[in-house]
Each structure stands twice: as C-alpha cells, then as structure tokens.
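Peer 1: Dropping in model.cif, which is mmCIF, C-alpha atoms:
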```cif
data_target
loop_
_atom_site.label_atom_id
_atom_site.label_comp_id
_atom_site.auth_asym_id
_atom_site.auth_seq_id
_atom_site.Cartn_x
_atom_site.Cartn_y
_atom_site.Cartn_z
CA MET Y 1 10.26 23.62 -122.18
CA GLY Y 2 11.44 20.12 -122.89
CA ILE Y 3 13.79 19.10 -125.64
CA ALA Y 4 11.99 18.95 -128.96
CA ILE Y 5 12.26 15.62 -130.74
CA ASP Y 6 11.55 15.48 -134.43
CA THR Y 7 8.66 13.05 -134.54
CA SER Y 8 8.21 13.71 -138.24
CA LEU Y 9 10.82 10.98 -138.64
CA ASP Y 10 8.22 8.48 -137.41
CA ILE Y 11 6.48 8.32 -140.75
CA SER Y 12 3.69 5.90 -139.83
CA PRO Y 13 1.21 7.06 -137.20
CA LEU Y 14 -0.28 4.68 -134.67
CA VAL Y 15 -3.63 3.44 -135.97
CA ILE Y 16 -5.90 1.29 -133.81
CA GLY Y 17 -9.36 0.24 -134.89
CA GLY Y 18 -9.30 2.74 -137.75
CA ARG Y 19 -8.45 5.69 -135.49
CA GLU Y 20 -5.16 7.55 -135.72
CA PHE Y 21 -3.32 8.55 -132.55
CA ARG Y 22 -0.60 11.17 -132.34
CA SER Y 23 1.32 9.61 -129.45
CA ARG Y 24 2.58 6.06 -128.99
CA LEU Y 25 2.55 6.53 -125.23
CA MET Y 26 -0.70 5.85 -123.37
CA VAL Y 27 -0.94 6.60 -119.68
CA GLY Y 28 -3.07 5.66 -116.70
CA THR Y 29 -4.55 8.01 -114.12
CA GLY Y 30 -4.20 5.95 -110.93
CA LYS Y 31 -1.99 6.35 -107.87
CA TYR Y 32 -1.18 10.05 -108.19
CA ALA Y 33 -0.68 12.08 -105.00
CA SER Y 34 -3.02 14.76 -106.31
CA ASN Y 35 -5.22 15.47 -109.32
CA SER Y 36 -3.18 18.52 -110.26
CA GLU Y 37 0.00 16.44 -110.34
CA MET Y 38 -1.79 13.84 -112.44
CA ILE Y 39 -2.86 16.42 -115.01
CA ARG Y 40 0.61 17.96 -115.21
CA ALA Y 41 2.20 14.52 -115.63
CA ILE Y 42 -0.26 13.49 -118.35
CA GLU Y 43 0.34 16.73 -120.23
CA ALA Y 44 4.12 16.23 -119.92
CA SER Y 45 3.77 12.68 -121.26
CA GLY Y 46 2.18 13.95 -124.46
CA ALA Y 47 -0.28 11.05 -124.27
CA GLU Y 48 -3.58 11.24 -126.06
CA VAL Y 49 -5.04 7.97 -124.78
CA VAL Y 50 -5.67 8.09 -121.04
CA THR Y 51 -7.08 5.14 -119.11
CA VAL Y 52 -9.72 5.38 -116.38
CA ALA Y 53 -11.45 2.85 -114.14
CA VAL Y 54 -15.17 2.36 -113.46
CA ARG Y 55 -16.15 2.34 -109.79
CA ARG Y 56 -19.14 2.96 -107.55
CA VAL Y 57 -19.80 6.53 -106.52
CA ASP Y 58 -19.07 6.63 -102.77
CA LEU Y 59 -22.43 7.70 -101.38
CA SER Y 60 -21.05 8.03 -97.85
CA ARG Y 61 -18.82 10.89 -98.96
CA ALA Y 62 -20.38 14.18 -99.85
CA ASN Y 63 -19.05 15.20 -103.25
CA ASP Y 64 -17.22 12.04 -104.29
CA GLU Y 65 -15.65 13.59 -107.35
CA GLY Y 66 -15.10 11.40 -110.37
CA ILE Y 67 -12.08 11.95 -112.54
CA LEU Y 68 -14.10 13.87 -115.12
CA HIS Y 69 -13.96 16.84 -112.75
CA HIS Y 70 -10.27 17.02 -113.57
CA LEU Y 71 -9.80 15.39 -116.96
CA ASP Y 72 -11.30 17.03 -120.03
CA PRO Y 73 -12.76 14.37 -122.37
CA GLU Y 74 -12.33 16.88 -125.21
CA GLN Y 75 -8.59 17.01 -124.62
CA PHE Y 76 -7.90 13.30 -124.05
CA PHE Y 77 -9.17 10.03 -125.48
CA LEU Y 78 -10.63 8.29 -122.44
CA LEU Y 79 -10.08 4.55 -122.41
CA ALA Y 80 -12.14 2.77 -119.75
CA ASN Y 81 -10.57 -0.31 -118.24
CA THR Y 82 -12.04 -3.36 -116.54
CA ALA Y 83 -9.40 -3.49 -113.83
CA GLY Y 84 -10.42 -5.52 -110.80
CA CYS Y 85 -12.56 -7.96 -112.81
CA TYR Y 86 -11.82 -11.63 -112.25
CA ASN Y 87 -14.17 -13.22 -114.76
CA ALA Y 88 -15.53 -12.53 -118.24
CA GLU Y 89 -19.03 -11.69 -117.01
CA ASP Y 90 -17.84 -8.92 -114.70
CA ALA Y 91 -15.44 -7.55 -117.31
CA ILE Y 92 -18.24 -7.39 -119.90
CA ARG Y 93 -20.49 -5.63 -117.37
CA TYR Y 94 -17.81 -3.04 -116.58
CA ALA Y 95 -17.06 -2.51 -120.27
CA ARG Y 96 -20.73 -1.80 -120.96
CA LEU Y 97 -20.89 0.63 -118.02
CA GLY Y 98 -17.82 2.42 -119.36
CA ARG Y 99 -19.38 2.69 -122.80
CA ALA Y 100 -22.61 4.04 -121.29
CA ALA Y 101 -20.63 6.98 -119.90
CA GLY Y 102 -20.90 8.12 -123.48
CA PHE Y 103 -17.41 8.86 -124.72
CA ASN Y 104 -16.51 5.94 -126.98
CA GLU Y 105 -16.85 2.20 -127.56
CA TRP Y 106 -13.31 1.35 -126.57
CA VAL Y 107 -12.22 -0.74 -123.64
CA LYS Y 108 -8.93 -1.76 -122.14
CA LEU Y 109 -10.01 -5.27 -121.26
CA GLU Y 110 -8.56 -6.88 -118.18
CA VAL Y 111 -9.67 -10.24 -116.82
CA ILE Y 112 -7.36 -10.96 -113.94
CA GLY Y 113 -6.68 -14.52 -112.85
CA ASP Y 114 -4.60 -14.14 -109.69
CA THR Y 115 -4.55 -11.53 -106.93
CA GLU Y 116 -0.84 -11.87 -106.21
CA THR Y 117 0.61 -11.51 -109.72
CA LEU Y 118 -2.39 -9.85 -111.42
CA LEU Y 119 -1.63 -12.08 -114.40
CA PRO Y 120 -4.53 -12.44 -116.83
CA ASP Y 121 -7.07 -15.25 -116.96
CA THR Y 122 -6.60 -15.86 -120.66
CA ALA Y 123 -9.67 -18.11 -121.05
CA GLY Y 124 -11.91 -15.43 -119.55
CA LEU Y 125 -10.11 -12.77 -121.56
CA LEU Y 126 -10.79 -14.58 -124.84
CA GLU Y 127 -14.43 -15.11 -123.96
CA ALA Y 128 -14.94 -11.45 -123.01
CA THR Y 129 -13.08 -10.27 -126.13
CA ARG Y 130 -15.39 -12.32 -128.37
CA VAL Y 131 -18.54 -10.98 -126.73
CA LEU Y 132 -17.45 -7.34 -126.63
CA ALA Y 133 -16.06 -7.35 -130.18
CA SER Y 134 -19.39 -8.75 -131.41
CA GLU Y 135 -21.12 -5.83 -129.65
CA GLY Y 136 -18.99 -3.35 -131.57
CA PHE Y 137 -16.40 -2.60 -128.91
CA LYS Y 138 -12.83 -1.79 -129.85
CA VAL Y 139 -11.14 -4.19 -127.47
CA LEU Y 140 -7.58 -3.56 -126.33
CA ALA Y 141 -6.81 -6.78 -124.50
CA TYR Y 142 -4.32 -6.83 -121.65
CA THR Y 143 -2.60 -10.20 -121.78
CA ASN Y 144 0.59 -12.02 -120.90
CA ASP Y 145 3.51 -12.38 -123.29
CA ASP Y 146 2.25 -15.67 -124.74
CA LEU Y 147 2.12 -15.78 -128.54
CA ILE Y 148 -0.73 -18.27 -128.81
CA THR Y 149 -3.00 -16.23 -126.56
CA ALA Y 150 -2.13 -13.13 -128.57
CA LEU Y 151 -3.04 -14.90 -131.82
CA ARG Y 152 -6.33 -16.13 -130.34
CA LEU Y 153 -7.16 -12.62 -129.13
CA GLU Y 154 -6.64 -11.28 -132.64
CA ASP Y 155 -8.90 -14.04 -134.01
CA ALA Y 156 -11.49 -13.16 -131.35
CA GLY Y 157 -11.68 -9.62 -132.70
CA ALA Y 158 -9.32 -7.59 -130.50
CA ALA Y 159 -8.45 -4.20 -132.02
CA ALA Y 160 -5.07 -4.32 -130.28
CA VAL Y 161 -3.25 -6.83 -128.12
CA MET Y 162 -1.47 -5.60 -125.00
CA PRO Y 163 1.13 -8.01 -123.70
CA LEU Y 164 2.79 -7.16 -120.41
CA ALA Y 165 6.46 -6.24 -120.09
CA SER Y 166 6.30 -7.58 -116.52
CA PRO Y 167 3.53 -7.73 -113.86
CA ILE Y 168 1.31 -4.69 -113.27
CA GLY Y 169 2.92 -2.18 -110.93
CA SER Y 170 6.17 -4.17 -110.66
CA GLY Y 171 8.47 -1.79 -112.53
CA LEU Y 172 10.64 -4.76 -113.52
CA GLY Y 173 10.91 -3.73 -117.15
CA MET Y 174 10.67 -6.15 -120.06
CA LEU Y 175 11.33 -9.69 -118.86
CA ASN Y 176 11.06 -11.44 -122.23
CA PRO Y 177 12.05 -9.38 -125.26
CA TYR Y 178 11.97 -12.50 -127.45
CA ALA Y 179 8.30 -13.11 -126.62
CA ILE Y 180 7.38 -9.47 -127.26
CA ARG Y 181 9.20 -9.45 -130.62
CA THR Y 182 7.59 -12.74 -131.61
CA ILE Y 183 4.11 -11.45 -130.82
CA LYS Y 184 4.77 -8.27 -132.78
CA SER Y 185 6.07 -10.19 -135.78
CA ARG Y 186 3.06 -12.49 -135.93
CA LEU Y 187 0.10 -10.16 -135.29
CA GLY Y 188 -1.69 -7.97 -137.78
CA VAL Y 189 -3.31 -5.76 -135.14
CA PRO Y 190 -1.23 -3.26 -133.17
CA VAL Y 191 0.78 -4.52 -130.21
CA ILE Y 192 0.85 -2.16 -127.25
CA VAL Y 193 3.03 -3.25 -124.35
CA ASP Y 194 1.10 -2.70 -121.13
CA ALA Y 195 2.45 -2.87 -117.59
CA GLY Y 196 5.84 -3.30 -115.97
CA VAL Y 197 7.78 -0.36 -117.39
CA GLY Y 198 9.70 1.15 -114.47
CA THR Y 199 11.88 3.85 -115.95
CA ALA Y 200 12.76 5.54 -119.22
CA SER Y 201 15.31 2.97 -120.36
CA ASP Y 202 12.67 0.24 -119.96
CA ALA Y 203 10.34 2.18 -122.24
CA CYS Y 204 13.06 2.77 -124.81
CA ILE Y 205 14.06 -0.90 -124.93
CA VAL Y 206 10.41 -1.95 -125.29
CA MET Y 207 9.93 0.41 -128.24
CA GLU Y 208 13.18 -0.81 -129.82
CA GLN Y 209 11.51 -4.23 -130.20
CA GLY Y 210 9.26 -2.66 -132.84
CA VAL Y 211 6.00 -2.68 -130.90
CA ASP Y 212 3.42 -0.03 -131.72
CA GLY Y 213 3.19 1.66 -128.34
CA ILE Y 214 3.31 1.43 -124.57
CA LEU Y 215 0.70 1.92 -121.87
CA MET Y 216 2.00 2.75 -118.41
CA ASN Y 217 0.72 4.12 -115.11
CA THR Y 218 2.83 3.31 -112.04
CA GLY Y 219 6.13 3.99 -113.81
CA ILE Y 220 5.14 7.64 -113.96
CA ALA Y 221 2.78 8.01 -110.99
CA ALA Y 222 5.09 6.32 -108.47
CA ALA Y 223 8.22 8.23 -109.52
CA SER Y 224 9.48 10.76 -106.99
CA ASP Y 225 8.82 13.47 -109.58
CA PRO Y 226 6.03 12.21 -111.87
CA VAL Y 227 6.06 15.25 -114.18
CA ARG Y 228 9.77 14.86 -114.85
CA MET Y 229 9.39 11.10 -115.33
CA ALA Y 230 6.47 11.63 -117.72
CA THR Y 231 8.73 13.84 -119.84
CA ALA Y 232 11.46 11.18 -119.73
CA MET Y 233 8.98 8.50 -120.77
CA ARG Y 234 7.74 10.58 -123.69
CA GLN Y 235 11.27 11.08 -124.94
CA ALA Y 236 12.18 7.41 -124.33
CA VAL Y 237 9.17 6.17 -126.31
CA GLU Y 238 10.04 8.50 -129.18
CA ALA Y 239 13.74 7.57 -129.01
CA GLY Y 240 12.99 3.85 -128.93
CA ARG Y 241 10.61 4.15 -131.86
CA LEU Y 242 13.13 6.10 -133.93
CA ALA Y 243 15.92 3.67 -133.05
CA TYR Y 244 13.72 0.78 -134.19
CA LEU Y 245 12.89 2.53 -137.45
CA ALA Y 246 16.53 3.49 -137.96
CA GLY Y 247 17.64 -0.14 -137.61
CA ARG Y 248 20.44 -0.79 -135.17
CA MET Y 249 23.95 -1.78 -136.25
CA PRO Y 250 24.82 -5.47 -136.07
CA ARG Y 251 26.31 -6.70 -132.80
CA ARG Y 252 29.92 -7.95 -133.03
CA GLU Y 253 32.08 -9.82 -130.59
CA THR Y 254 35.18 -7.99 -131.84
CA ALA Y 255 36.23 -4.35 -132.09
CA VAL Y 256 36.15 -2.52 -135.42
CA PRO Y 257 38.03 0.80 -135.53
CA SER Y 258 36.02 3.90 -136.30
CA SER Y 259 39.02 5.96 -137.44
CA PRO Y 260 41.12 5.30 -140.59
CA LEU Y 261 43.94 2.81 -140.23
CA THR Y 262 46.00 4.65 -142.86
CA GLY Y 263 47.59 8.10 -142.80
CA MET Y 264 49.23 7.68 -139.43
CA ILE Y 265 52.29 9.96 -139.02
CA GLY Y 266 55.69 8.34 -139.15
CA GLU Y 267 54.58 5.70 -141.65
CA MET P 1 -41.49 3.63 -97.87
CA ILE P 2 -39.71 1.30 -100.24
CA THR P 3 -36.27 -0.17 -99.65
CA LEU P 4 -33.70 -0.47 -102.44
CA MET P 5 -30.12 -1.60 -102.59
CA VAL P 6 -28.13 1.40 -103.79
CA ASN P 7 -24.44 0.74 -104.40
CA GLY P 8 -24.61 -2.30 -102.16
CA ALA P 9 -26.32 -0.66 -99.19
CA PRO P 10 -30.04 -0.55 -98.29
CA ARG P 11 -31.70 2.84 -98.71
CA GLU P 12 -35.27 3.89 -97.99
CA LEU P 13 -37.14 5.96 -100.53
CA ALA P 14 -40.62 7.35 -100.86
CA PRO P 15 -43.02 5.25 -102.95
CA ARG P 16 -43.13 6.27 -106.63
CA SER P 17 -39.54 7.51 -106.51
CA THR P 18 -37.69 7.76 -109.82
CA VAL P 19 -34.05 7.44 -110.81
CA ALA P 20 -33.93 11.19 -111.35
CA GLY P 21 -35.31 11.78 -107.86
CA LEU P 22 -32.83 9.37 -106.31
CA LEU P 23 -29.88 11.11 -107.98
CA ARG P 24 -31.23 14.51 -106.95
CA SER P 25 -31.58 13.38 -103.33
CA LEU P 26 -27.98 12.16 -103.42
CA GLY P 27 -26.73 15.40 -104.94
CA ILE P 28 -25.36 13.60 -108.01
CA ASP P 29 -25.08 15.24 -111.44
CA PRO P 30 -26.64 12.68 -113.85
CA ARG P 31 -24.22 13.70 -116.61
CA LEU P 32 -21.24 12.44 -114.61
CA VAL P 33 -22.50 8.97 -113.69
CA VAL P 34 -23.89 5.81 -115.21
CA VAL P 35 -26.85 4.08 -113.57
CA GLU P 36 -27.58 0.38 -113.65
CA HIS P 37 -31.10 -0.71 -112.56
CA ASN P 38 -31.50 -4.40 -111.73
CA ARG P 39 -28.38 -5.12 -113.84
CA ALA P 40 -29.71 -3.20 -116.86
CA ILE P 41 -27.82 -0.06 -117.84
CA LEU P 42 -30.03 3.02 -118.28
CA ARG P 43 -28.50 4.43 -121.43
CA ASP P 44 -30.75 7.44 -121.91
CA ARG P 45 -30.48 10.07 -119.17
CA GLU P 46 -33.62 11.75 -120.52
CA THR P 47 -35.67 8.80 -119.23
CA TYR P 48 -34.44 9.05 -115.61
CA SER P 49 -37.40 11.17 -114.54
CA MET P 50 -39.84 8.55 -115.84
CA HIS P 51 -37.91 5.54 -114.60
CA ALA P 52 -39.82 4.29 -111.55
CA LEU P 53 -38.18 2.43 -108.69
CA ARG P 54 -39.80 -0.43 -106.79
CA ASP P 55 -39.28 -2.07 -103.45
CA GLY P 56 -36.39 -4.54 -103.60
CA ASP P 57 -34.78 -3.03 -106.70
CA SER P 58 -31.02 -2.88 -107.03
CA ILE P 59 -29.27 0.26 -108.26
CA GLU P 60 -25.63 0.79 -109.10
CA ILE P 61 -24.32 4.32 -109.63
CA VAL P 62 -20.81 4.36 -111.07
CA HIS P 63 -18.38 6.89 -112.48
CA PHE P 64 -14.84 7.09 -113.80
CA VAL P 65 -11.98 7.21 -111.31
CA GLY P 66 -8.22 7.10 -111.71
CA GLY P 67 -6.88 3.80 -112.99
CA GLY P 68 -4.26 2.20 -115.20
#
```
Let me see the file written as structure tokens.

Peer 2:
Amino acid sequence: MGIAIDTSLDISPLVIGGREFRSRLMVGTGKYASNSEMIRAIEASGAEVVTVAVRRVDLSRANDEGILHHLDPEQFFLLANTAGCYNAEDAIRYARLGRAAGFNEWVKLEVIGDTETLLPDTAGLLEATRVLASEGFKVLAYTNDDLITALRLEDAGAAAVMPLASPIGSGLGMLNPYAIRTIKSRLGVPVIVDAGVGTASDACIVMEQGVDGILMNTGIAAASDPVRMATAMRQAVEAGRLAYLAGRMPRRETAVPSSPLTGMIGE
Amino acid sequence: MITLMVNGAPRELAPRSTVAGLLRSLGIDPRLVVVEHNRAILRDRETYSMHALRDGDSIEIVHFVGGG
C-alpha cells in the first residue's frame, strides 16, 4: 500500500466541460514495455482520464490487439488524441474517428507543426478547435506556453487548454513557470499542463503554479520502474496541489529565526 | 472480383461484398474498430451487413492503441 494522502483538503474538484474528475493527474498509455505493466502503472497513478491514440488495425498481423483488450472503458475515462496529425483536416478526421468508437465526445487535440520539436501548429490548432467545438466536441487543446494562443483557444471553444511544460517526451520539466502562471491567471477554462514532466519534483512544481492538472505519459512509462514512478507522480500532483492551496511563505533574502530569541540561559 | 484499398493496401473481394463480410474475413470484431468508407465514418455498426462495397472504394479500419 502507498502512503495515504488526505485529498479531502483539496476542496474543489477538477471540472472540465461540466464533468467532475476525481484525479488531477491524467496519463497516457504509450511506450510501456508490456500491457500488464501499463495497467499496473495507470492504477498506481490513480488517474481517471487515460489517453489513447487512433491508428489503423494492422491487417498483416493476425490478432492485432487494440488497447481495449487491456483497458476497461468502464474503469477509465478514455480520451482519444490526434497525435501524429500535422494539419487541422487530419486532426478533425482523427477526432471524429475517436468519437465514433463510441465512448465520449472528448478529444485531446494535437496539431503538430514540426517533427523535431513536436511543437504545435497553433494556426491549425485554432482552426480544428473551432470546427470540433461547433460539432459538440469537448476539446482539450495541446498547445505551447503562449498566452495569446491560449486565450484564442478559449475563445474558439476549447473545454480546457493544455500548455506544455517542455517538449513532448523530453522530460525537461517546466521551462517557463511565468508563462504557465500567466496562462492560468488569465483563462476561465481549466489549464492542464501536458508534456515534459520528467520526474515527481517536476510534477509538484507544475502543480504549485496553481494549474488544474497534469497530463503525462513518458515520465511514467520511460522510468526504470513505471509503477513506482506512477505512485510518485500521484503523490507529487497531490502535494503540489495542496501546497498551492496552502499558499507558500514569502521568500526572503535574509534569515529569520524560528526559535525564540528570549529565554536563553545565562541572560 | 472487385479491388478495394483497405488500410492503404489493395485487397480483392467478391462482388457484392459488405463491410460486415470484409470484417468477418479479416477476423475483426466490429465492436472494437471504427470503419471509414470513402472518407465517411460508418457510425452505426448495425448497418455493416447492408453496407455494400464497390470496386475502387477506400476503407480505413482503425482502433485505439497506446498513446499520450
């Protein structure tokens, strides 16, 4: 058993698009060494929202098992992504295919602009967000840490905006806390930091900025022990959230004693 | 025979084949996939057995896989 953290202290649940979620940690399902390890890691993470990708069934392989053979849609909230799409048209097509699978009308929208950095094509992202939102999708838009793009995505109808901490799969942690805080302070819709979290301290620091949640995949899947890391990430997200709600002490450049200055012997 | 593009590769089928027949011949459980016929998603699996395929049609059969 892990260490129990009193999440009752987090008085406001995460609400996206009118739906309440019990965990502020969302996880991906890619890059695991085995399906059994993936399931154990997801369960250890405590995540409710779990992302999946849409791909062709491999007809050259007998029994190309999709992830639904291993992941119970009753147990997890499946969030289809549009990973691998490089323009709005493809992303919209993938989103519709994901919806047709029949679980929900939510999409983690990615429109990638560059193969090396996997940074988003924000023009395509805005266009796809507008179209999908008008079709009734709950769009969770993966974007960079640019405030103006985030504001435009909210205007375009995104249910949540997902700025990156650092590039997908990089594990570099949060490169621009100022930008993340600014986006959070200016948006009405939830802000979920997506991508770049490499270890538990990264997750904690992200949550301490006051954002509503984190989505991660590689940070757990590429750890030497993904189940242990998933547990660490769960605790870090909860710790960071509580620390944000608690309100940190002011920083000082000088020391302030913690013990009384009076009552010393020999005075 | 008619020739279709199925997931990007040509595949020969008997005339008057249906989507349901194609999936059956591929050993695919219709409940676990989504089918796109000439870029239009077939949203109702109940209609697969009536959905006729024609020479030159394009079919995409997709499912969920691991991803972030």

Peer 1: What's around Val65 in chain P at 12 Å? Count only C-alpha atoms, leave out sequence neighbours fewer than 5 positions away in its own chain, and write the answer as a tab-separated table (two decimals) with C-alpha atoms, keeping the file's coordinate frame.

Peer 2:
```tsv
chain	number	residue	atom	x	y	z
Y	28	GLY	CA	-3.07	5.66	-116.70
Y	29	THR	CA	-4.55	8.01	-114.12
Y	30	GLY	CA	-4.20	5.95	-110.93
Y	31	LYS	CA	-1.99	6.35	-107.87
Y	32	TYR	CA	-1.18	10.05	-108.19
Y	35	ASN	CA	-5.22	15.47	-109.32
Y	50	VAL	CA	-5.67	8.09	-121.04
Y	51	THR	CA	-7.08	5.14	-119.11
Y	52	VAL	CA	-9.72	5.38	-116.38
Y	53	ALA	CA	-11.45	2.85	-114.14
Y	54	VAL	CA	-15.17	2.36	-113.46
Y	55	ARG	CA	-16.15	2.34	-109.79
Y	56	ARG	CA	-19.14	2.96	-107.55
Y	57	VAL	CA	-19.80	6.53	-106.52
Y	58	ASP	CA	-19.07	6.63	-102.77
Y	64	ASP	CA	-17.22	12.04	-104.29
Y	65	GLU	CA	-15.65	13.59	-107.35
Y	66	GLY	CA	-15.10	11.40	-110.37
Y	67	ILE	CA	-12.08	11.95	-112.54
Y	68	LEU	CA	-14.10	13.87	-115.12
Y	69	HIS	CA	-13.96	16.84	-112.75
Y	70	HIS	CA	-10.27	17.02	-113.57
Y	71	LEU	CA	-9.80	15.39	-116.96
Y	78	LEU	CA	-10.63	8.29	-122.44
Y	79	LEU	CA	-10.08	4.55	-122.41
Y	80	ALA	CA	-12.14	2.77	-119.75
Y	81	ASN	CA	-10.57	-0.31	-118.24
Y	82	THR	CA	-12.04	-3.36	-116.54
Y	83	ALA	CA	-9.40	-3.49	-113.83
Y	98	GLY	CA	-17.82	2.42	-119.36
P	32	LEU	CA	-21.24	12.44	-114.61
P	33	VAL	CA	-22.50	8.97	-113.69
```

Peer 1: Take CA of Ala158 in chain Y and CA of Ala236 in chain Y and report the distance between them in Å, one decimal.

Peer 2: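 Separating CA of Ala158 in chain Y from CA of Ala236 in chain Y is a distance of 26.9 Å.
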
Peer 1: Using only C-alpha atoms, find the residues of chain P whose closest atom to chain Y is at most 9 Å away, then write them as a PyMOL selection string.

Peer 2: chain P and resi 6-7+26-28+31-36+39+41-44+60-68

Peer 1: If you apply the PyMOL selection byres ((chain Y and resi 164) around 10) to this file, what residues do you get, as a short mmCIF file (atom, residue, chain, number, x, y, z; two decimals) with C-alpha atoms, keeping the file's coordinate frame?

Peer 2:
```cif
data_model
loop_
_atom_site.label_atom_id
_atom_site.label_comp_id
_atom_site.auth_asym_id
_atom_site.auth_seq_id
_atom_site.Cartn_x
_atom_site.Cartn_y
_atom_site.Cartn_z
CA LEU Y 119 -1.63 -12.08 -114.40
CA PRO Y 120 -4.53 -12.44 -116.83
CA TYR Y 142 -4.32 -6.83 -121.65
CA THR Y 143 -2.60 -10.20 -121.78
CA ASN Y 144 0.59 -12.02 -120.90
CA ASP Y 145 3.51 -12.38 -123.29
CA ASP Y 146 2.25 -15.67 -124.74
CA VAL Y 161 -3.25 -6.83 -128.12
CA MET Y 162 -1.47 -5.60 -125.00
CA PRO Y 163 1.13 -8.01 -123.70
CA ALA Y 165 6.46 -6.24 -120.09
CA SER Y 166 6.30 -7.58 -116.52
CA PRO Y 167 3.53 -7.73 -113.86
CA ILE Y 168 1.31 -4.69 -113.27
CA GLY Y 173 10.91 -3.73 -117.15
CA MET Y 174 10.67 -6.15 -120.06
CA LEU Y 175 11.33 -9.69 -118.86
CA ASN Y 176 11.06 -11.44 -122.23
CA ILE Y 180 7.38 -9.47 -127.26
CA ILE Y 192 0.85 -2.16 -127.25
CA VAL Y 193 3.03 -3.25 -124.35
CA ASP Y 194 1.10 -2.70 -121.13
CA ALA Y 195 2.45 -2.87 -117.59
CA GLY Y 196 5.84 -3.30 -115.97
CA VAL Y 197 7.78 -0.36 -117.39
CA ILE Y 214 3.31 1.43 -124.57
CA LEU Y 215 0.70 1.92 -121.87
#
```

Peer 1: Exactly which residues make up the result of the PyMOL selection byres ((chain P and resi 8-17) around 12) on this file, given as an MDAnalysis selection string?

Peer 2: (chainID Y and resid 56:60) or (chainID P and resid 1:7 18:26 38 48:62)

Peer 1: Taking all atoms listed in the file into account, name the residue in Y:Arg130, Y:Arg241, Y:Lys138, Y:Arg61 that is nearest to Asn104 in chain Y.

Peer 2: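 Answer, going by the shortest atom-to-atom distance: Y:Lys138.
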
Peer 1: Using all atoms listed in the file, which residues sit within 7 Å of Gly198 in chain Y once same-chain residues fewer than 3 positions away are excluded, as a ChimeraX atom specification?

Peer 2: /Y:171-173,202,219

Peer 1: Filtering to C-alpha atoms, could you give me those residues as a compact mmCIF listing (two decimals), keeping the file's coordinate frame?

Peer 2:
```
# COMPACT_ATOMS: atom_id res chain seq x y z
CA GLY Y 171 8.47 -1.79 -112.53
CA LEU Y 172 10.64 -4.76 -113.52
CA GLY Y 173 10.91 -3.73 -117.15
CA ASP Y 202 12.67 0.24 -119.96
CA GLY Y 219 6.13 3.99 -113.81
```

Peer 1: How far is it from CA of Arg228 in chain Y to CA of Thr199 in chain Y, in Å with one decimal?

Peer 2: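 CA of Thr199 in chain Y lies 11.3 Å from CA of Arg228 in chain Y.
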
Peer 1: Residues picked by the PyMOL selection byres ((chain Y and resi 243-250) around 6) here, as a list in words?

Peer 2: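 For this structure, the PyMOL selection byres ((chain Y and resi 243-250) around 6) resolves to Glu208, Gly210, Gly240, Arg241, Leu242 and Arg251 of chain Y.
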
Peer 1: Counting only C-alpha atoms, find residues at most 7 Å from (0.7, -1.6, -131.5) (file frame) and give them as a PyMOL selection string.

Peer 2: chain Y and resi 160+189-192+211-213

Peer 1: Taking all atoms listed in the file into account, which of Y:Asp155, Y:Ala47, Y:Ser170, Y:Ser134 comes nearest Thr117 in chain Y?

Peer 2: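 Looking only at the distances to Thr117 in chain Y, the closest residue turns out to be Y:Ser170.
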
Peer 1: How many Å lie between CA of Ala150 in chain Y and CA of Met233 in chain Y, rounded to one decimal?

Peer 2: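 Value for the CA of Ala150 in chain Y-CA of Met233 in chain Y distance: 25.5 Å.
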
Peer 1: Give me range 153-165 of chain Y with N, CA and C atoms filled in, as a PDB file, in the frame of the given file.

Peer 2:
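Contents of the output file part-v8.pdb:
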```
ATOM      1  N   LEU Y 153      -6.492 -13.896-129.402  1.00  0.00           N
ATOM      2  CA  LEU Y 153      -7.160 -12.620-129.130  1.00  0.00           C
ATOM      3  C   LEU Y 153      -7.426 -11.869-130.441  1.00  0.00           C
ATOM      4  N   GLU Y 154      -6.441 -11.915-131.338  1.00  0.00           N
ATOM      5  CA  GLU Y 154      -6.640 -11.280-132.640  1.00  0.00           C
ATOM      6  C   GLU Y 154      -7.788 -11.964-133.383  1.00  0.00           C
ATOM      7  N   ASP Y 155      -7.802 -13.289-133.368  1.00  0.00           N
ATOM      8  CA  ASP Y 155      -8.900 -14.040-134.010  1.00  0.00           C
ATOM      9  C   ASP Y 155     -10.244 -13.689-133.383  1.00  0.00           C
ATOM     10  N   ALA Y 156     -10.240 -13.439-132.070  1.00  0.00           N
ATOM     11  CA  ALA Y 156     -11.490 -13.160-131.350  1.00  0.00           C
ATOM     12  C   ALA Y 156     -12.012 -11.752-131.625  1.00  0.00           C
ATOM     13  N   GLY Y 157     -11.198 -10.939-132.319  1.00  0.00           N
ATOM     14  CA  GLY Y 157     -11.680  -9.620-132.700  1.00  0.00           C
ATOM     15  C   GLY Y 157     -11.065  -8.451-131.962  1.00  0.00           C
ATOM     16  N   ALA Y 158      -9.974  -8.697-131.218  1.00  0.00           N
ATOM     17  CA  ALA Y 158      -9.320  -7.590-130.500  1.00  0.00           C
ATOM     18  C   ALA Y 158      -8.796  -6.561-131.501  1.00  0.00           C
ATOM     19  N   ALA Y 159      -8.965  -5.279-131.172  1.00  0.00           N
ATOM     20  CA  ALA Y 159      -8.450  -4.200-132.020  1.00  0.00           C
ATOM     21  C   ALA Y 159      -6.968  -3.989-131.796  1.00  0.00           C
ATOM     22  N   ALA Y 160      -6.501  -4.358-130.610  1.00  0.00           N
ATOM     23  CA  ALA Y 160      -5.070  -4.320-130.280  1.00  0.00           C
ATOM     24  C   ALA Y 160      -4.842  -5.349-129.184  1.00  0.00           C
ATOM     25  N   VAL Y 161      -3.622  -5.875-129.167  1.00  0.00           N
ATOM     26  CA  VAL Y 161      -3.250  -6.830-128.120  1.00  0.00           C
ATOM     27  C   VAL Y 161      -2.179  -6.178-127.262  1.00  0.00           C
ATOM     28  N   MET Y 162      -2.334  -6.311-125.946  1.00  0.00           N
ATOM     29  CA  MET Y 162      -1.470  -5.600-125.000  1.00  0.00           C
ATOM     30  C   MET Y 162      -0.736  -6.555-124.078  1.00  0.00           C
ATOM     31  N   PRO Y 163       0.360  -7.131-124.571  1.00  0.00           N
ATOM     32  CA  PRO Y 163       1.130  -8.010-123.700  1.00  0.00           C
ATOM     33  C   PRO Y 163       1.872  -7.214-122.626  1.00  0.00           C
ATOM     34  N   LEU Y 164       2.071  -7.833-121.486  1.00  0.00           N
ATOM     35  CA  LEU Y 164       2.790  -7.160-120.410  1.00  0.00           C
ATOM     36  C   LEU Y 164       4.293  -7.219-120.638  1.00  0.00           C
ATOM     37  N   ALA Y 165       5.001  -6.184-120.154  1.00  0.00           N
ATOM     38  CA  ALA Y 165       6.460  -6.240-120.090  1.00  0.00           C
ATOM     39  C   ALA Y 165       6.862  -7.050-118.878  1.00  0.00           C
TER      40      ALA Y 165
END
```
